[in-house]
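Q: The file below is model33.cif, mmCIF, C-alpha atoms and all ligand atoms:
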```cif
data_start
loop_
_atom_site.label_atom_id
_atom_site.label_comp_id
_atom_site.auth_asym_id
_atom_site.auth_seq_id
_atom_site.Cartn_x
_atom_site.Cartn_y
_atom_site.Cartn_z
CA MET E 27 91.14 87.35 115.40
CA PRO E 28 91.23 89.79 112.49
CA PRO E 29 91.90 88.12 109.15
CA ARG E 30 95.38 87.66 107.77
CA SER E 31 96.12 89.91 104.85
CA VAL E 32 96.84 88.02 101.64
CA SER E 33 98.18 90.00 98.72
CA PRO E 34 97.51 88.55 95.29
CA TRP E 35 100.79 90.09 94.13
CA ARG E 36 103.19 88.32 96.50
CA GLY E 37 105.33 85.27 96.14
CA SER E 38 106.46 83.25 93.16
CA ARG E 39 104.70 83.51 89.78
CA GLU E 40 102.99 80.23 90.52
CA ALA E 41 101.76 81.41 93.92
CA ILE E 42 100.50 84.66 92.39
CA ALA E 43 98.64 82.73 89.68
CA VAL E 44 97.00 80.52 92.32
CA LYS E 45 95.90 83.55 94.35
CA LEU E 46 94.60 85.35 91.28
CA ARG E 47 92.55 82.30 90.36
CA ALA E 48 91.12 82.30 93.91
CA TYR E 49 90.22 85.99 93.54
CA ARG E 50 88.59 85.41 90.17
CA ARG E 51 86.53 82.53 91.54
CA LEU E 52 85.19 84.84 94.23
CA MET E 53 84.70 87.94 92.11
CA ASN E 54 85.00 88.31 88.35
CA SER E 55 86.02 91.59 86.78
CA GLU E 56 82.50 92.35 85.54
CA GLN E 57 81.04 91.98 89.02
CA ALA E 58 83.80 94.14 90.42
CA ALA E 59 83.28 96.85 87.79
CA ARG E 60 79.55 96.92 88.56
CA LEU E 61 80.19 97.20 92.32
CA ARG E 62 82.71 99.98 91.69
CA ALA E 63 80.28 101.92 89.52
CA GLU E 64 77.63 101.63 92.28
CA MET E 65 80.16 102.73 94.89
CA VAL E 66 81.04 105.80 92.84
CA GLU E 67 77.40 106.82 92.39
CA ARG E 68 76.03 106.02 95.86
CA GLN E 69 78.96 106.62 98.18
CA LEU E 70 80.86 109.34 96.34
CA ARG E 71 78.81 111.39 93.88
CA ARG E 72 75.65 111.45 96.03
CA ARG E 73 77.70 112.59 99.02
CA GLY E 74 79.19 115.54 97.19
CA ILE E 75 82.40 114.38 95.50
CA ARG E 76 82.43 116.54 92.36
CA ASP E 77 85.87 116.11 90.79
CA GLU E 78 85.17 114.00 87.69
CA ASN E 79 88.79 112.87 87.51
CA VAL E 80 88.65 111.51 91.06
CA LEU E 81 85.34 109.77 90.32
CA ALA E 82 86.72 108.27 87.10
CA VAL E 83 89.86 106.91 88.75
CA MET E 84 87.92 105.45 91.66
CA ALA E 85 85.72 103.72 89.11
CA GLN E 86 88.86 102.07 87.74
CA VAL E 87 91.08 101.10 90.68
CA PRO E 88 90.20 97.51 91.70
CA ARG E 89 89.72 97.90 95.46
CA GLU E 90 89.18 94.14 95.72
CA LEU E 91 92.91 93.63 95.12
CA PHE E 92 93.79 95.74 98.18
CA VAL E 93 91.69 93.92 100.77
CA PRO E 94 92.51 90.59 102.40
CA VAL E 95 90.96 87.71 100.46
CA GLU E 96 88.56 86.98 103.35
CA MET E 97 87.19 90.52 102.97
CA LEU E 98 86.59 90.27 99.24
CA SER E 99 82.81 90.29 99.45
CA ARG E 100 83.05 93.54 101.49
CA ALA E 101 85.54 95.33 99.23
CA TYR E 102 82.98 97.87 97.96
CA LEU E 103 81.05 98.42 101.19
CA ASP E 104 80.84 101.93 102.61
CA GLY E 105 83.54 101.68 105.26
CA ALA E 106 87.11 100.94 106.23
CA LEU E 107 88.25 97.31 106.42
CA PRO E 108 90.94 95.66 108.51
CA ILE E 109 94.25 94.75 106.86
CA ALA E 110 97.43 93.30 108.37
CA ALA E 111 99.34 94.81 111.33
CA GLY E 112 96.10 95.97 113.01
CA GLN E 113 95.67 98.70 110.35
CA THR E 114 92.92 99.56 107.88
CA ILE E 115 92.23 100.30 104.24
CA SER E 116 90.35 103.61 104.32
CA GLN E 117 86.68 104.09 103.49
CA PRO E 118 86.26 104.88 99.75
CA TYR E 119 84.45 108.16 100.53
CA MET E 120 87.32 109.35 102.74
CA VAL E 121 89.91 108.47 100.05
CA ALA E 122 87.88 110.46 97.49
CA HIS E 123 87.30 113.42 99.83
CA MET E 124 90.97 113.74 100.81
CA THR E 125 92.13 113.30 97.22
CA GLU E 126 89.68 115.92 95.96
CA LEU E 127 90.93 118.40 98.57
CA LEU E 128 94.46 118.07 97.17
CA GLU E 129 93.34 119.51 93.79
CA LEU E 130 95.87 117.34 91.97
CA ARG E 131 97.28 118.11 88.57
CA PRO E 132 99.08 115.46 86.46
CA GLY E 133 102.77 115.33 87.28
CA MET E 134 102.29 116.85 90.73
CA ARG E 135 104.61 115.46 93.39
CA VAL E 136 102.62 114.07 96.31
CA LEU E 137 103.65 112.68 99.68
CA GLU E 138 101.29 110.15 101.22
CA VAL E 139 101.84 109.33 104.90
CA GLY E 140 100.42 105.89 105.76
CA THR E 141 100.60 103.55 102.75
CA GLY E 142 98.50 100.84 104.42
CA SER E 143 97.22 98.60 101.64
CA GLY E 144 98.41 100.97 98.87
CA TYR E 145 94.85 101.75 97.70
CA GLY E 146 95.10 105.51 98.35
CA ALA E 147 98.47 105.62 96.56
CA ALA E 148 96.94 103.83 93.55
CA VAL E 149 94.20 106.49 93.35
CA LEU E 150 96.78 109.31 93.54
CA ALA E 151 98.94 107.66 90.87
CA GLY E 152 95.88 106.99 88.72
CA LEU E 153 95.31 110.75 88.73
CA GLY E 154 98.78 111.28 87.29
CA ALA E 155 100.60 112.23 90.51
CA SER E 156 104.13 111.15 91.24
CA VAL E 157 103.82 109.66 94.71
CA ILE E 158 106.15 108.97 97.60
CA SER E 159 104.22 106.90 100.13
CA VAL E 160 105.65 106.35 103.63
CA GLU E 161 104.62 103.45 105.84
CA ARG E 162 105.95 102.61 109.31
CA HIS E 163 105.20 98.87 109.11
CA PRO E 164 107.74 97.23 106.76
CA GLU E 165 105.44 94.26 106.03
CA LEU E 166 102.64 96.56 104.86
CA ALA E 167 105.08 98.56 102.75
CA GLU E 168 106.40 95.42 101.08
CA ALA E 169 102.93 94.05 100.29
CA ALA E 170 101.75 97.43 98.97
CA ARG E 171 104.87 97.74 96.79
CA ASP E 172 104.19 94.34 95.18
CA ARG E 173 100.51 95.13 94.65
CA LEU E 174 101.20 98.58 93.17
CA ALA E 175 103.87 97.23 90.83
CA GLY E 176 101.43 94.69 89.37
CA LEU E 177 98.54 97.10 89.18
CA GLY E 178 100.65 99.99 87.87
CA LEU E 179 101.54 97.91 84.83
CA ALA E 180 97.87 97.10 84.22
CA LEU E 181 96.59 100.65 84.73
CA GLY E 182 99.53 102.50 83.20
CA PHE E 183 101.06 104.15 86.25
CA ALA E 184 104.04 101.82 86.72
CA LYS E 185 106.89 103.58 88.57
CA ALA E 186 104.65 106.49 89.63
CA VAL E 187 104.64 105.33 93.28
CA ARG E 188 107.66 104.83 95.52
CA VAL E 189 106.82 103.15 98.82
CA VAL E 190 109.33 103.84 101.60
CA VAL E 191 109.53 102.75 105.23
CA GLY E 192 109.90 105.32 107.98
CA ASP E 193 108.25 107.81 110.29
CA GLY E 194 106.10 109.84 107.90
CA SER E 195 105.02 112.17 110.72
CA LEU E 196 108.32 113.92 109.93
CA GLY E 197 107.47 114.05 106.22
CA TRP E 198 110.12 113.10 103.68
CA PRO E 199 112.43 116.14 103.65
CA ASP E 200 114.89 114.77 101.08
CA GLU E 201 112.18 114.83 98.39
CA ALA E 202 110.41 118.06 99.44
CA PRO E 203 108.78 120.31 98.31
CA PHE E 204 105.50 118.58 97.48
CA GLY E 205 102.46 119.95 95.67
CA GLY E 206 100.30 117.84 97.97
CA ILE E 207 100.68 115.93 101.23
CA VAL E 208 98.00 113.56 102.46
CA VAL E 209 98.18 111.98 105.89
CA ALA E 210 96.03 108.86 106.16
CA ALA E 211 96.31 108.57 109.94
CA ALA E 212 95.18 110.79 112.83
CA ALA E 213 97.55 113.25 114.50
CA PRO E 214 97.03 115.16 117.76
CA ARG E 215 97.91 118.38 115.87
CA VAL E 216 99.17 119.27 112.39
CA PRO E 217 102.62 117.60 112.40
CA ALA E 218 105.08 120.50 112.65
CA ALA E 219 107.42 119.24 109.92
CA LEU E 220 104.79 118.91 107.18
CA PRO E 221 103.62 122.44 106.19
CA ALA E 222 107.23 123.49 105.52
CA GLN E 223 107.55 120.61 103.02
CA LEU E 224 104.77 122.05 100.84
CA ALA E 225 105.59 123.93 97.65
CA ASP E 226 104.06 127.40 97.31
CA GLY E 227 100.34 126.82 96.70
CA GLY E 228 100.71 123.25 97.94
CA ARG E 229 97.95 121.56 99.95
CA LEU E 230 98.19 119.34 103.03
CA VAL E 231 95.26 117.21 104.24
CA VAL E 232 95.48 115.67 107.70
CA PRO E 233 93.01 114.31 110.28
CA VAL E 234 93.64 116.16 113.56
CA GLY E 235 92.18 115.47 117.00
CA MET E 236 92.04 112.95 119.77
CA ARG E 237 92.18 109.18 119.28
CA GLY E 238 88.77 108.04 118.07
CA ARG E 239 87.52 111.40 116.77
CA GLN E 240 89.13 113.97 114.50
CA GLU E 241 88.51 116.82 112.08
CA LEU E 242 89.98 116.75 108.60
CA ILE E 243 92.22 119.81 108.27
CA LEU E 244 93.33 121.36 104.98
CA VAL E 245 96.46 123.54 105.10
CA VAL E 246 97.27 125.63 102.01
CA ARG E 247 100.68 127.27 101.67
CA ARG E 248 100.78 130.84 100.34
CA GLY E 249 104.39 131.96 100.35
CA ASP E 250 105.40 131.98 103.99
CA SER E 251 101.88 131.89 105.35
CA PHE E 252 99.63 128.88 105.86
CA GLU E 253 95.82 128.98 105.67
CA GLU E 254 93.92 126.31 107.60
CA ARG E 255 90.38 125.12 107.00
CA ALA E 256 88.30 122.42 108.73
CA CYS E 257 86.75 119.99 106.20
CA GLY E 258 84.57 117.66 108.25
CA PRO E 259 84.70 115.03 110.98
CA CYS E 260 86.49 111.71 110.57
CA VAL E 261 87.92 108.76 112.50
CA PHE E 262 91.34 107.40 111.56
CA VAL E 263 93.83 105.00 113.12
CA PRO E 264 96.57 106.97 114.92
CA LEU E 265 99.66 108.43 113.31
CA ILE E 266 102.42 106.97 115.47
CA GLY E 267 105.68 108.85 115.52
CA GLU E 268 107.52 112.01 116.48
CA GLY E 269 104.93 114.29 114.91
CA GLY E 270 102.01 112.09 115.96
CA PHE E 271 100.97 110.00 118.95
CA ALA E 272 103.36 107.99 121.09
CA GLU E 273 103.20 104.27 120.50
CA PRO E 274 101.06 102.82 123.30
CA ALA E 275 102.97 100.72 125.80
CA ALA E 276 100.60 97.81 125.07
CA ALA E 277 101.45 97.98 121.36
CA ARG E 278 105.18 98.04 122.11
CA GLU E 279 104.70 95.03 124.33
CA SER E 280 102.66 93.18 121.71
CA ALA E 281 105.24 94.05 119.02
CA ARG E 282 107.89 92.46 121.21
CA GLU E 283 105.66 89.44 121.72
CA SER E 284 105.05 89.19 117.99
CA GLU E 285 108.77 89.21 117.36
CA SER E 286 109.12 86.29 119.70
CA GLY E 287 106.20 84.58 117.97
CA THR E 288 103.61 84.74 120.76
CA GLY E 289 101.91 88.03 119.86
CA ARG E 290 98.18 88.33 119.43
CA ARG E 291 96.65 90.26 116.58
CA ARG E 292 94.44 93.23 117.33
CA ARG E 293 90.66 92.69 117.49
CA TRP E 294 88.18 95.10 115.95
CA PHE E 295 84.95 95.51 117.85
CA GLY E 296 82.29 97.07 115.63
CA ARG E 297 83.30 99.41 112.86
CA PRO E 298 87.05 99.91 112.41
CA PRO E 299 88.40 103.44 111.99
CA VAL E 300 89.38 104.58 108.48
N1 LIG E 401 96.03 104.88 102.72
C1 LIG E 401 95.86 103.56 103.22
C2 LIG E 401 95.10 102.67 102.27
O1 LIG E 401 94.56 103.16 101.29
O2 LIG E 401 95.05 101.46 102.54
C3 LIG E 401 95.22 103.53 104.58
C4 LIG E 401 96.13 103.98 105.63
S1 LIG E 401 95.73 103.39 107.22
C5 LIG E 401 94.24 104.19 107.57
C6 LIG E 401 96.95 104.33 108.13
C7 LIG E 401 98.35 103.86 107.93
O3 LIG E 401 99.23 104.80 108.51
C8 LIG E 401 98.65 102.53 108.59
O4 LIG E 401 99.12 101.62 107.64
C9 LIG E 401 99.72 102.87 109.62
O5 LIG E 401 100.67 101.84 109.82
C10 LIG E 401 100.35 104.09 108.98
N2 LIG E 401 101.10 104.95 109.90
C11 LIG E 401 100.80 105.32 111.18
N3 LIG E 401 101.76 106.14 111.65
C12 LIG E 401 102.68 106.30 110.66
C13 LIG E 401 103.88 107.04 110.52
N4 LIG E 401 104.37 107.81 111.51
N5 LIG E 401 104.56 106.96 109.36
C14 LIG E 401 104.10 106.21 108.33
N6 LIG E 401 102.97 105.48 108.40
C15 LIG E 401 102.26 105.54 109.54
#
```
Show me the file's structure as structure tokens.

A:
Amino acid sequence: MPPRSVSPWRGSREAIAVKLRAYRRLMNSEQAARLRAEMVERQLRRRGIRDENVLAVMAQVPRELFVPVEMLSRAYLDGALPIAAGQTISQPYMVAHMTELLELRPGMRVLEVGTGSGYGAAVLAGLGASVISVERHPELAEAARDRLAGLGLALGFAKAVRVVVGDGSLGWPDEAPFGGIVVAAAAPRVPAALPAQLADGGRLVVPVGMRGRQELILVVRRGDSFEERACGPCVFVPLIGEGGFAEPAAARESARESESGTGRRRRWFGRPPV
């Protein structure tokens, strides 16, 4: 069984304090800072991430607070990790690569599709973006909201992220246009609704391909035309929704089972997708 996700930012003040003490017993902030610095050098800079702002923010955002407590010792490993609802927190390199492709400027309005743990949203907000992050699983959205509220106060980006629940494969038209859109889940093609929600000059990054293997696609809006560029292979969990993949019958079945309390959690064999 994959581990249960435990957010250190949920529950009463007392419960939060207990969880924070558990986190601190397992990893103190000096250890975490050292692991983050190593991650930035080995996994990001050496692999070609050049944007110093992205590197600096990723050296600050405490990834250990976004992973389930059982995964703490693996928080800074070079890969995705399982979180609740059969989903993942993305690999640090992929978060950096996608963020760099957005060419963010402070104050830019960004739509993130697939909040997951909230880690990607924290990196975007840390770079000064104003973020709307859409998640289809309400329980993930709620946990990410709590986590981001606590962390935003500590890192100075409180209120920069709004987490909403819905089908992000349709974008978030009420708040469009966006300077950047980042889709953290794989779509069979560029979701039709998204390019039109870019501002002029805006950039959309989305993994496109079949389940289990995709190419990262960058779409840049120039007036009424859209330039597309392939930016490397990747493997993401599927974007489920109108502009993505259909929900598999098995997942619908297991969701129904879960509602009735008999559902089984998804197993990861080998390396989970990002
Ligand atoms: N950015 C996240 C992080 O840093 O933890 C990782 C995102 S995870 C790889 C992909 C997320 O996309 C999952 O949480 C999944 O539930 C979500 N997702 C899939 N289809 C979606 C949709 N149509 N709308 C919104 N979220 C969706």

Q: Smallest atom-to-atom distance to Val245 of chain E: which of E:Pro264, E:Gly105, E:Gly206, E:Ala175, using only C-alpha atoms?

A: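 Of the candidates, the smallest distance to Val245 of chain E is held by E:Gly206.
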
Q: State, in Å with one decimal place, the distance from atom C5 of ligand LIG 401 (chain E) to atom CA of Phe92 of chain E.

A: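 Between atom C5 of ligand LIG 401 (chain E) and atom CA of Phe92 of chain E the gap is 12.6 Å.
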
Q: Please give me, as a PyMOL selection string, the residues lying within 6 Å of ligand LIG 401 (chain E) when counting all atoms listed in the file.

A: chain E and resi 113-116+139-146+160-163+192-195+210-211+262-267+300

Q: Kindly export the residues of the current selection with C-alpha atoms, as a PDB file, in the frame of the given file.

A:
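Contents of out.pdb, freshly written:
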```pdb
ATOM      1  CA  GLN E 113      95.670  98.700 110.350  1.00  0.00           C
ATOM      2  CA  THR E 114      92.920  99.560 107.880  1.00  0.00           C
ATOM      3  CA  ILE E 115      92.230 100.300 104.240  1.00  0.00           C
ATOM      4  CA  SER E 116      90.350 103.610 104.320  1.00  0.00           C
ATOM      5  CA  VAL E 139     101.840 109.330 104.900  1.00  0.00           C
ATOM      6  CA  GLY E 140     100.420 105.890 105.760  1.00  0.00           C
ATOM      7  CA  THR E 141     100.600 103.550 102.750  1.00  0.00           C
ATOM      8  CA  GLY E 142      98.500 100.840 104.420  1.00  0.00           C
ATOM      9  CA  SER E 143      97.220  98.600 101.640  1.00  0.00           C
ATOM     10  CA  GLY E 144      98.410 100.970  98.870  1.00  0.00           C
ATOM     11  CA  TYR E 145      94.850 101.750  97.700  1.00  0.00           C
ATOM     12  CA  GLY E 146      95.100 105.510  98.350  1.00  0.00           C
ATOM     13  CA  VAL E 160     105.650 106.350 103.630  1.00  0.00           C
ATOM     14  CA  GLU E 161     104.620 103.450 105.840  1.00  0.00           C
ATOM     15  CA  ARG E 162     105.950 102.610 109.310  1.00  0.00           C
ATOM     16  CA  HIS E 163     105.200  98.870 109.110  1.00  0.00           C
ATOM     17  CA  GLY E 192     109.900 105.320 107.980  1.00  0.00           C
ATOM     18  CA  ASP E 193     108.250 107.810 110.290  1.00  0.00           C
ATOM     19  CA  GLY E 194     106.100 109.840 107.900  1.00  0.00           C
ATOM     20  CA  SER E 195     105.020 112.170 110.720  1.00  0.00           C
ATOM     21  CA  ALA E 210      96.030 108.860 106.160  1.00  0.00           C
ATOM     22  CA  ALA E 211      96.310 108.570 109.940  1.00  0.00           C
ATOM     23  CA  PHE E 262      91.340 107.400 111.560  1.00  0.00           C
ATOM     24  CA  VAL E 263      93.830 105.000 113.120  1.00  0.00           C
ATOM     25  CA  PRO E 264      96.570 106.970 114.920  1.00  0.00           C
ATOM     26  CA  LEU E 265      99.660 108.430 113.310  1.00  0.00           C
ATOM     27  CA  ILE E 266     102.420 106.970 115.470  1.00  0.00           C
ATOM     28  CA  GLY E 267     105.680 108.850 115.520  1.00  0.00           C
ATOM     29  CA  VAL E 300      89.380 104.580 108.480  1.00  0.00           C
TER      30      VAL E 300
END
```

Q: Expressed in Å to a single decimal, how great is the separation between atom CA of Met84 of chain E and atom CA of Leu244 of chain E?

A: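 Between atom CA of Met84 of chain E and atom CA of Leu244 of chain E the gap is 21.4 Å.
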
Q: If we count all atoms listed in the file and set the cut-off at 10 Å, which residues sit around Ala58 of chain E, ignoring sequence neighbours fewer than 2 positions away in its own chain? Please answer as a PDB file with C-alpha atoms, in the frame of the given file.

A:
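out_31.pdb written:
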```
ATOM      1  CA  ARG E  50      88.590  85.410  90.170  1.00  0.00           C
ATOM      2  CA  MET E  53      84.700  87.940  92.110  1.00  0.00           C
ATOM      3  CA  ASN E  54      85.000  88.310  88.350  1.00  0.00           C
ATOM      4  CA  SER E  55      86.020  91.590  86.780  1.00  0.00           C
ATOM      5  CA  GLU E  56      82.500  92.350  85.540  1.00  0.00           C
ATOM      6  CA  ARG E  60      79.550  96.920  88.560  1.00  0.00           C
ATOM      7  CA  LEU E  61      80.190  97.200  92.320  1.00  0.00           C
ATOM      8  CA  ARG E  62      82.710  99.980  91.690  1.00  0.00           C
ATOM      9  CA  ALA E  63      80.280 101.920  89.520  1.00  0.00           C
ATOM     10  CA  GLU E  64      77.630 101.630  92.280  1.00  0.00           C
ATOM     11  CA  ALA E  85      85.720 103.720  89.110  1.00  0.00           C
ATOM     12  CA  GLN E  86      88.860 102.070  87.740  1.00  0.00           C
ATOM     13  CA  PRO E  88      90.200  97.510  91.700  1.00  0.00           C
ATOM     14  CA  ARG E  89      89.720  97.900  95.460  1.00  0.00           C
ATOM     15  CA  GLU E  90      89.180  94.140  95.720  1.00  0.00           C
ATOM     16  CA  SER E  99      82.810  90.290  99.450  1.00  0.00           C
ATOM     17  CA  ALA E 101      85.540  95.330  99.230  1.00  0.00           C
ATOM     18  CA  TYR E 102      82.980  97.870  97.960  1.00  0.00           C
TER      19      TYR E 102
END
```

Q: Kindly assemble as CSV a list of the segment 150-264 of chain E residues that lie within 10 Å of segment 119-125 of chain E, each paired with its nearest atom pair and their distance in Å to one decimal, using only C-alpha atoms, sorted first by chain and then by ascending residue number.

A:
```
residue,atom,partner,partner_atom,distance
E:Leu150,CA,E:Thr125,CA,7.1
E:Leu153,CA,E:Thr125,CA,9.4
E:Gly206,CA,E:Thr125,CA,9.4
E:Ile207,CA,E:Thr125,CA,9.8
E:Val208,CA,E:Met124,CA,7.2
E:Val209,CA,E:Met124,CA,9.0
E:Ala210,CA,E:Val121,CA,8.7
E:Leu230,CA,E:Met124,CA,9.4
E:Val231,CA,E:Met124,CA,6.5
E:Val232,CA,E:Met124,CA,8.5
E:Pro233,CA,E:Met124,CA,9.7
E:Leu242,CA,E:Met124,CA,8.4
E:Ile243,CA,E:Met124,CA,9.7
E:Leu244,CA,E:Met124,CA,9.0
E:Cys257,CA,E:His123,CA,9.2
E:Gly258,CA,E:His123,CA,9.8
E:Cys260,CA,E:Met120,CA,8.2
E:Val261,CA,E:Met120,CA,9.8
E:Phe262,CA,E:Met120,CA,9.9
```

Q: What's the 9 Å shell around Val187 of chain E, counting only C-alpha atoms, without same-chain residues fewer than 5 positions away, as a list in words?

A: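 Listing them by chain and then by number gives Ala147, Ala148, Leu150, Ala151, Ala155, Ser156, Val157, Ile158, Ser159, Arg171, Leu174, Ala175 and Gly178 of chain E.
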